[in-house]
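J.: Dumping the structure here so I can ask a few things about it.
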Amino acid sequence: MRRKDRTERTGLRKITTTLLLATLLFACGNPEEEVPPLVLEEGDEAAEYSLTECMRGTVEETAALSCIYRKNAEQEVYFPVSGKLIRRICVGEGDHVKQGDLLAELSVGNVQDQIDELEYRIKRSNMQLGYIDEQEKLDIANLYLNYVTSPKMIPERYENEDDAAYEARVKQEADWDYEDYEYSIQKLKTQNDQRRNSLRDSIEFDTKKLNNLRGQLAQSRIYAKFDGKVSSVERGLVGSTSNVEKCVMKIVDDQEGYFETTAADLMPYLTQESYSMKVMFGNGRGEYELIPRDKDQWGEKQYFAIKRGDNIDGLEVDDKGEINIVTARKENTLYLPKESVRNAGDRYYVYTVGEDGLRNVVWVEVGLRGDGVIEILSGLNEGDKVIRRG
């Protein structure tokens with residue numbers, strides 16, 4: 001914020017007695033109220049004070065936003081089991097790795113071949129289960145077709161057999177044909193169920209064995225947890241045995257750090273493209289320019305990348321900085337330096353100097369409190385001069 005600070009230094013005339021300002025009558029006809037007393041001590045030399053001018057310009061109200069420097073953690077690499085032969089180290093010092101890259105592995109014999117064989121067997125068994133289901137549907141359909149299309153044995157009619165007796169005998173033989181059809185279906189399903197159960201038992205057994213081998217393989221391999229750079233690797237690892245307590249290498253995040261804040265209530269004011277920040281302590285102290293980062297992930301926490309700064313290389317995790325953000329702005333308004341405005345409870349006043357050289361109290365109404373200045377809503381006019389404290 002640009003503004004001029006017009007001040008003048010002068011002196012009060014010699015006062016031979018102690019002066020007490022006890023009451024003041026409001027200009028709008030308010031009753032007299034007590035005001036803070038002003039005591040001017042006797043002295044041979046004039047008391048020094050300075051005057052500042054009530055000016056018109058822009059006042060911005062700001063809020064201080066505390067932020068903390070963050071950086072992804074370093075990965076210390078350990079083997080999860082002891083006593084296994086170290087078969088291979090896949091990276092060297094200074095190499096860049098991606099998340100999920102293989103870093104090192106132990107010797108586990110033909111475990112991978114066994115895993116491949118079991119995966120194939122399980123897949124084949126599941127396919128066979130599907131074939132059984134489909135073939136069963138076809139076999140049942142064929143049995144039904146044979147039943148409804150096969151010629152029925154029509155028994156000869158006995159001599160002197162009446163119609164009712166003959167029809168009953170024909171129906172009985174037809175029922176025998178249907179029972180044979182039902183029996184064939186049940187027999188087919190029983191045979192298929194036996195085949196299914198055998199395959200399911202095989203799948204269950206192979207799956208348990210597969211999971212065990214996968215666990216062995218997982219314990220034999222170490223992967224990068226994030227994108228980074230290999231900062232160190234122990235020498236002579238290949239051919240030695242693993243030890244769960246020994247760090248074999250370190251991976252560091254080679255991405256730039258960032259600053260993190262927790263000011264969800266101030267998010268509506270975080271609309272600028274960049275922000276100034278100051279770090280007061282540590283090797284990273286200095287001025288920085290930050291830009292919003294990952295705004296789609298903002299919630300309880302907000303993130304800022306570093307665009308430029310005085311001592312970026314000196315920043316350490318948990319270093320603290322402070323951002324000032326504008327929460328309100330008033331243009332073409334009257335303002336005074338904050339040190340010129342005094343308060344009595346929840347009311348504010350300033351001192352002016354009368355023509356007789358004595359101080360006068362003027363009550364004012366204030367508005368926004370900016371960076372070193374305060375808005376004056378009423379009580380003064382542009383160009384009025386008041387006493388500046390200090």
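Convention: chains lettered A, B, ... in structure tokens order; per-chain residue numbering from 1; ligands numbered from 1 as shown.
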To test your reading of the structure, identify every residue in region 60-255 of chain A that backbone DSSP assigns to helix (DSSP H, G or I), and report it as a PyMOL selection string.
T.: chain A and resi 111-149+163-219
J.: Could you turn the residues from that selection into a file that holds C-alpha atoms, as an mmCIF file, in the first residue's frame?
T.:
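The new file part_29.cif reads:
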```cif
data_model
loop_
_atom_site.group_PDB
_atom_site.id
_atom_site.type_symbol
_atom_site.label_atom_id
_atom_site.label_comp_id
_atom_site.auth_asym_id
_atom_site.auth_seq_id
_atom_site.Cartn_x
_atom_site.Cartn_y
_atom_site.Cartn_z
ATOM 1 C CA VAL A 111 9.666 -69.807 -6.065
ATOM 2 C CA GLN A 112 8.687 -67.738 -9.103
ATOM 3 C CA ASP A 113 8.466 -70.877 -11.290
ATOM 4 C CA GLN A 114 6.242 -72.528 -8.688
ATOM 5 C CA ILE A 115 4.052 -69.433 -8.574
ATOM 6 C CA ASP A 116 3.693 -69.430 -12.376
ATOM 7 C CA GLU A 117 2.737 -73.147 -12.376
ATOM 8 C CA LEU A 118 0.135 -72.719 -9.623
ATOM 9 C CA GLU A 119 -1.400 -69.683 -11.295
ATOM 10 C CA TYR A 120 -1.758 -71.708 -14.500
ATOM 11 C CA ARG A 121 -3.331 -74.661 -12.670
ATOM 12 C CA ILE A 122 -5.834 -72.477 -10.849
ATOM 13 C CA LYS A 123 -6.798 -70.743 -14.071
ATOM 14 C CA ARG A 124 -7.228 -74.095 -15.862
ATOM 15 C CA SER A 125 -9.367 -75.530 -13.036
ATOM 16 C CA ASN A 126 -11.662 -72.500 -13.104
ATOM 17 C CA MET A 127 -12.047 -72.904 -16.866
ATOM 18 C CA GLN A 128 -12.922 -76.578 -16.394
ATOM 19 C CA LEU A 129 -15.623 -75.610 -13.876
ATOM 20 C CA GLY A 130 -17.111 -73.382 -16.519
ATOM 21 C CA TYR A 131 -16.964 -76.147 -19.142
ATOM 22 C CA ILE A 132 -18.796 -78.561 -16.804
ATOM 23 C CA ASP A 133 -21.617 -76.061 -16.294
ATOM 24 C CA GLU A 134 -22.032 -75.440 -20.016
ATOM 25 C CA GLN A 135 -21.818 -79.147 -20.947
ATOM 26 C CA GLU A 136 -24.409 -80.021 -18.307
ATOM 27 C CA LYS A 137 -26.885 -77.590 -19.858
ATOM 28 C CA LEU A 138 -26.346 -79.193 -23.283
ATOM 29 C CA ASP A 139 -26.688 -82.753 -21.920
ATOM 30 C CA ILE A 140 -29.961 -81.941 -20.131
ATOM 31 C CA ALA A 141 -31.321 -80.351 -23.294
ATOM 32 C CA ASN A 142 -30.464 -83.493 -25.297
ATOM 33 C CA LEU A 143 -32.126 -85.781 -22.740
ATOM 34 C CA TYR A 144 -35.296 -83.750 -22.926
ATOM 35 C CA LEU A 145 -35.240 -83.804 -26.721
ATOM 36 C CA ASN A 146 -34.844 -87.568 -26.769
ATOM 37 C CA TYR A 147 -37.692 -87.961 -24.293
ATOM 38 C CA VAL A 148 -40.232 -85.917 -26.235
ATOM 39 C CA THR A 149 -39.291 -87.209 -29.703
ATOM 40 C CA ASP A 163 -61.513 -98.308 -22.948
ATOM 41 C CA ALA A 164 -60.863 -97.076 -19.418
ATOM 42 C CA ALA A 165 -58.606 -99.985 -18.521
ATOM 43 C CA TYR A 166 -56.660 -99.644 -21.738
ATOM 44 C CA GLU A 167 -56.091 -95.897 -21.312
ATOM 45 C CA ALA A 168 -54.854 -96.446 -17.736
ATOM 46 C CA ARG A 169 -52.370 -99.051 -18.939
ATOM 47 C CA VAL A 170 -51.063 -96.693 -21.675
ATOM 48 C CA LYS A 171 -50.608 -93.847 -19.151
ATOM 49 C CA GLN A 172 -48.725 -96.139 -16.743
ATOM 50 C CA GLU A 173 -46.169 -97.056 -19.396
ATOM 51 C CA ALA A 174 -45.776 -93.363 -20.331
ATOM 52 C CA ASP A 175 -45.055 -92.562 -16.662
ATOM 53 C CA TRP A 176 -42.326 -95.193 -16.722
ATOM 54 C CA ASP A 177 -40.683 -93.314 -19.627
ATOM 55 C CA TYR A 178 -40.767 -89.980 -17.692
ATOM 56 C CA GLU A 179 -39.234 -91.557 -14.597
ATOM 57 C CA ASP A 180 -36.375 -92.854 -16.734
ATOM 58 C CA TYR A 181 -35.864 -89.307 -18.099
ATOM 59 C CA GLU A 182 -35.770 -87.827 -14.560
ATOM 60 C CA TYR A 183 -33.381 -90.529 -13.383
ATOM 61 C CA SER A 184 -30.977 -89.784 -16.269
ATOM 62 C CA ILE A 185 -30.912 -86.055 -15.372
ATOM 63 C CA GLN A 186 -30.259 -86.734 -11.691
ATOM 64 C CA LYS A 187 -27.471 -89.181 -12.535
ATOM 65 C CA LEU A 188 -25.864 -86.588 -14.845
ATOM 66 C CA LYS A 189 -25.964 -83.881 -12.171
ATOM 67 C CA THR A 190 -24.520 -86.184 -9.515
ATOM 68 C CA GLN A 191 -21.571 -87.076 -11.732
ATOM 69 C CA ASN A 192 -20.957 -83.392 -12.568
ATOM 70 C CA ASP A 193 -21.173 -82.347 -8.894
ATOM 71 C CA GLN A 194 -18.469 -84.855 -8.050
ATOM 72 C CA ARG A 195 -16.246 -83.381 -10.755
ATOM 73 C CA ARG A 196 -16.982 -79.834 -9.525
ATOM 74 C CA ASN A 197 -16.140 -80.653 -5.925
ATOM 75 C CA SER A 198 -12.879 -82.263 -6.964
ATOM 76 C CA LEU A 199 -11.895 -79.170 -8.965
ATOM 77 C CA ARG A 200 -12.894 -76.808 -6.141
ATOM 78 C CA ASP A 201 -10.800 -78.775 -3.648
ATOM 79 C CA SER A 202 -7.862 -78.562 -6.023
ATOM 80 C CA ILE A 203 -8.334 -74.796 -6.487
ATOM 81 C CA GLU A 204 -8.522 -74.231 -2.711
ATOM 82 C CA PHE A 205 -5.361 -76.237 -2.073
ATOM 83 C CA ASP A 206 -3.431 -74.559 -4.907
ATOM 84 C CA THR A 207 -4.606 -71.078 -3.785
ATOM 85 C CA LYS A 208 -3.319 -71.603 -0.234
ATOM 86 C CA LYS A 209 0.012 -72.790 -1.568
ATOM 87 C CA LEU A 210 0.145 -69.876 -4.024
ATOM 88 C CA ASN A 211 -0.490 -67.290 -1.277
ATOM 89 C CA ASN A 212 2.279 -68.804 0.826
ATOM 90 C CA LEU A 213 4.751 -68.619 -2.059
ATOM 91 C CA ARG A 214 3.709 -65.065 -2.889
ATOM 92 C CA GLY A 215 4.387 -64.133 0.738
ATOM 93 C CA GLN A 216 7.859 -65.620 0.460
ATOM 94 C CA LEU A 217 8.467 -63.710 -2.754
ATOM 95 C CA ALA A 218 7.179 -60.437 -1.259
ATOM 96 C CA GLN A 219 9.583 -60.795 1.654
#
```
J.: Output as a Markdown table one row per residue of region 42-159 of chain A within 8 Å of region 328-334 of chain A: the closest atom pair and its distance in Å to one decimal place, counting only C-alpha atoms, sorted by chain and residue number ascending.
T.:
```
| residue | atom | partner | partner_atom | distance |
| --- | --- | --- | --- | --- |
| A:Cys54 | CA | A:Leu334 | CA | 6.6 |
| A:Met55 | CA | A:Leu334 | CA | 5.4 |
| A:Arg56 | CA | A:Leu334 | CA | 4.3 |
| A:Gly57 | CA | A:Asn332 | CA | 4.6 |
| A:Thr58 | CA | A:Glu331 | CA | 4.2 |
| A:Val59 | CA | A:Lys330 | CA | 5.2 |
| A:Glu60 | CA | A:Arg329 | CA | 4.4 |
| A:Glu61 | CA | A:Ala328 | CA | 5.0 |
| A:Thr62 | CA | A:Ala328 | CA | 7.0 |
```
J.: With C-alpha atoms retained, export the selected residues as a PDB file, in the first residue's frame.
T.:
```
ATOM      1  CA  CYS A  54      -4.828  12.718   8.113  1.00  0.00           C
ATOM      2  CA  MET A  55      -4.574  11.515   4.523  1.00  0.00           C
ATOM      3  CA  ARG A  56      -6.746   9.858   1.884  1.00  0.00           C
ATOM      4  CA  GLY A  57      -5.772   6.639   0.156  1.00  0.00           C
ATOM      5  CA  THR A  58      -6.095   2.845   0.283  1.00  0.00           C
ATOM      6  CA  VAL A  59      -6.324   0.797   3.471  1.00  0.00           C
ATOM      7  CA  GLU A  60      -5.999  -3.002   3.436  1.00  0.00           C
ATOM      8  CA  GLU A  61      -6.891  -5.179   6.394  1.00  0.00           C
ATOM      9  CA  THR A  62      -4.704  -8.277   6.555  1.00  0.00           C
TER      10      THR A  62
END
```
J.: Choose the residue, out of A:Val230, A:Val91, A:Val238, A:Ala305, that has the smallest atom-to-atom separation from Val252 (chain A); count only C-alpha atoms.
T.: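 Smallest distance to Val252 (chain A) is found for A:Val230.
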J.: Please extract the residues of region 33-234 of chain A with a backbone DSSP assignment of strand (DSSP E or B) and present them as a PyMOL selection string.
T.: chain A and resi 33-34+39-40+48-53+55-70+75-77+85-89+96-97+102-106+221-223+228-233
J.: Can you write out the residues you just picked, keeping C-alpha atoms, as a PDB file, in the first residue's frame?
T.:
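New file part.pdb:
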```pdb
ATOM      1  CA  GLU A  33     -18.144  12.095  29.502  1.00  0.00           C
ATOM      2  CA  GLU A  34     -14.897  11.449  31.261  1.00  0.00           C
ATOM      3  CA  VAL A  39      -1.011  15.850  32.330  1.00  0.00           C
ATOM      4  CA  LEU A  40       1.608  18.265  31.086  1.00  0.00           C
ATOM      5  CA  GLU A  48       8.888  17.462  21.975  1.00  0.00           C
ATOM      6  CA  TYR A  49       6.145  15.872  19.887  1.00  0.00           C
ATOM      7  CA  SER A  50       5.444  15.193  16.205  1.00  0.00           C
ATOM      8  CA  LEU A  51       2.428  15.885  14.036  1.00  0.00           C
ATOM      9  CA  THR A  52       1.084  13.657  11.301  1.00  0.00           C
ATOM     10  CA  GLU A  53      -1.513  14.480   8.687  1.00  0.00           C
ATOM     11  CA  MET A  55      -4.574  11.515   4.523  1.00  0.00           C
ATOM     12  CA  ARG A  56      -6.746   9.858   1.884  1.00  0.00           C
ATOM     13  CA  GLY A  57      -5.772   6.639   0.156  1.00  0.00           C
ATOM     14  CA  THR A  58      -6.095   2.845   0.283  1.00  0.00           C
ATOM     15  CA  VAL A  59      -6.324   0.797   3.471  1.00  0.00           C
ATOM     16  CA  GLU A  60      -5.999  -3.002   3.436  1.00  0.00           C
ATOM     17  CA  GLU A  61      -6.891  -5.179   6.394  1.00  0.00           C
ATOM     18  CA  THR A  62      -4.704  -8.277   6.555  1.00  0.00           C
ATOM     19  CA  ALA A  63      -4.486 -11.538   8.469  1.00  0.00           C
ATOM     20  CA  ALA A  64      -1.292 -13.394   9.353  1.00  0.00           C
ATOM     21  CA  LEU A  65      -1.272 -16.959   8.048  1.00  0.00           C
ATOM     22  CA  SER A  66       1.225 -19.287   9.739  1.00  0.00           C
ATOM     23  CA  CYS A  67       2.736 -21.965   7.497  1.00  0.00           C
ATOM     24  CA  ILE A  68       5.133 -24.884   7.983  1.00  0.00           C
ATOM     25  CA  TYR A  69       7.728 -26.264   5.577  1.00  0.00           C
ATOM     26  CA  ARG A  70       7.087 -29.868   4.593  1.00  0.00           C
ATOM     27  CA  GLN A  75      12.959 -44.012   2.910  1.00  0.00           C
ATOM     28  CA  GLU A  76      15.382 -46.197   4.804  1.00  0.00           C
ATOM     29  CA  VAL A  77      15.505 -49.611   3.119  1.00  0.00           C
ATOM     30  CA  LEU A  85      21.151 -64.754   0.606  1.00  0.00           C
ATOM     31  CA  ILE A  86      21.112 -61.311  -1.069  1.00  0.00           C
ATOM     32  CA  ARG A  87      20.771 -62.132  -4.747  1.00  0.00           C
ATOM     33  CA  ARG A  88      20.678 -58.723  -6.412  1.00  0.00           C
ATOM     34  CA  ILE A  89      20.921 -54.962  -5.761  1.00  0.00           C
ATOM     35  CA  HIS A  96      16.638 -41.890  -9.765  1.00  0.00           C
ATOM     36  CA  VAL A  97      13.774 -44.267  -9.030  1.00  0.00           C
ATOM     37  CA  LEU A 102      12.487 -52.914  -7.592  1.00  0.00           C
ATOM     38  CA  LEU A 103      15.423 -51.943  -5.374  1.00  0.00           C
ATOM     39  CA  ALA A 104      16.825 -55.290  -4.191  1.00  0.00           C
ATOM     40  CA  GLU A 105      15.920 -58.976  -3.866  1.00  0.00           C
ATOM     41  CA  LEU A 106      16.887 -62.066  -1.920  1.00  0.00           C
ATOM     42  CA  ARG A 221      11.944 -58.037  -2.658  1.00  0.00           C
ATOM     43  CA  ILE A 222      12.061 -54.354  -1.706  1.00  0.00           C
ATOM     44  CA  TYR A 223      10.413 -51.604  -3.755  1.00  0.00           C
ATOM     45  CA  GLY A 228      13.224 -40.063  -5.501  1.00  0.00           C
ATOM     46  CA  LYS A 229      16.976 -40.412  -5.633  1.00  0.00           C
ATOM     47  CA  VAL A 230      19.202 -43.113  -4.128  1.00  0.00           C
ATOM     48  CA  SER A 231      21.353 -41.211  -1.654  1.00  0.00           C
ATOM     49  CA  SER A 232      23.373 -44.164  -0.338  1.00  0.00           C
ATOM     50  CA  VAL A 233      23.871 -47.921  -0.821  1.00  0.00           C
TER      51      VAL A 233
END
```
J.: Which residue out of A:Asp227, A:Glu355, A:Glu156, A:Glu375 has the minimum interatomic distance to Ile251 (chain A) when only C-alpha atoms are used?
T.: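 Comparing A:Asp227, A:Glu355, A:Glu156, A:Glu375 against Ile251 (chain A), the winner is A:Asp227.
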J.: Just checking: using only C-alpha atoms, which residue out of A:Val326, A:Lys295, A:Ile387, A:Ser340 ends up closest to Asp371 (chain A)?
T.: A:Val326
J.: Can you measure CA of Tyr351 (chain A) to CA of Arg369 (chain A) for me? One decimal in Å is fine.
T.: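 One can read the CA of Tyr351 (chain A) to CA of Arg369 (chain A) distance as 19.0 Å.
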J.: If you measure from CA of Lys71 (chain A) to CA of Glu316 (chain A), what distance in Å do you get, rounded to one decimal?
T.: 8.5 Å
J.: At a cut-off of 7 Å, using only C-alpha atoms, what residues contact Thr262 (chain A)? Leave out same-chain residues fewer than 3 positions from it and give the result as a list in words.
T.: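 Once the adjacent positions are removed, what remains is Glu300, Lys301 and Gln302 of chain A.
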J.: Considering only C-alpha atoms, return as a PyMOL selection string whatever protein or nucleic-acid residues lie within 12 Å of Val244 (chain A), sequence-local ones (same chain, fewer than 6 positions apart) excluded.
T.: chain A and resi 76-84+219-220
J.: Please produce an output containing C-alpha atoms for each residue in the selection, written as a PDB file, in the first residue's frame.
T.:
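Output (out.pdb):
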```pdb
ATOM      1  CA  GLU A  76      15.382 -46.197   4.804  1.00  0.00           C
ATOM      2  CA  VAL A  77      15.505 -49.611   3.119  1.00  0.00           C
ATOM      3  CA  TYR A  78      15.609 -52.823   5.202  1.00  0.00           C
ATOM      4  CA  PHE A  79      15.059 -56.441   4.221  1.00  0.00           C
ATOM      5  CA  PRO A  80      11.997 -57.915   6.006  1.00  0.00           C
ATOM      6  CA  VAL A  81      13.700 -61.237   6.840  1.00  0.00           C
ATOM      7  CA  SER A  82      17.108 -62.255   8.135  1.00  0.00           C
ATOM      8  CA  GLY A  83      19.413 -65.071   7.060  1.00  0.00           C
ATOM      9  CA  LYS A  84      18.548 -65.065   3.347  1.00  0.00           C
ATOM     10  CA  GLN A 219       9.583 -60.795   1.654  1.00  0.00           C
ATOM     11  CA  SER A 220      12.446 -61.301  -0.764  1.00  0.00           C
TER      12      SER A 220
END
```
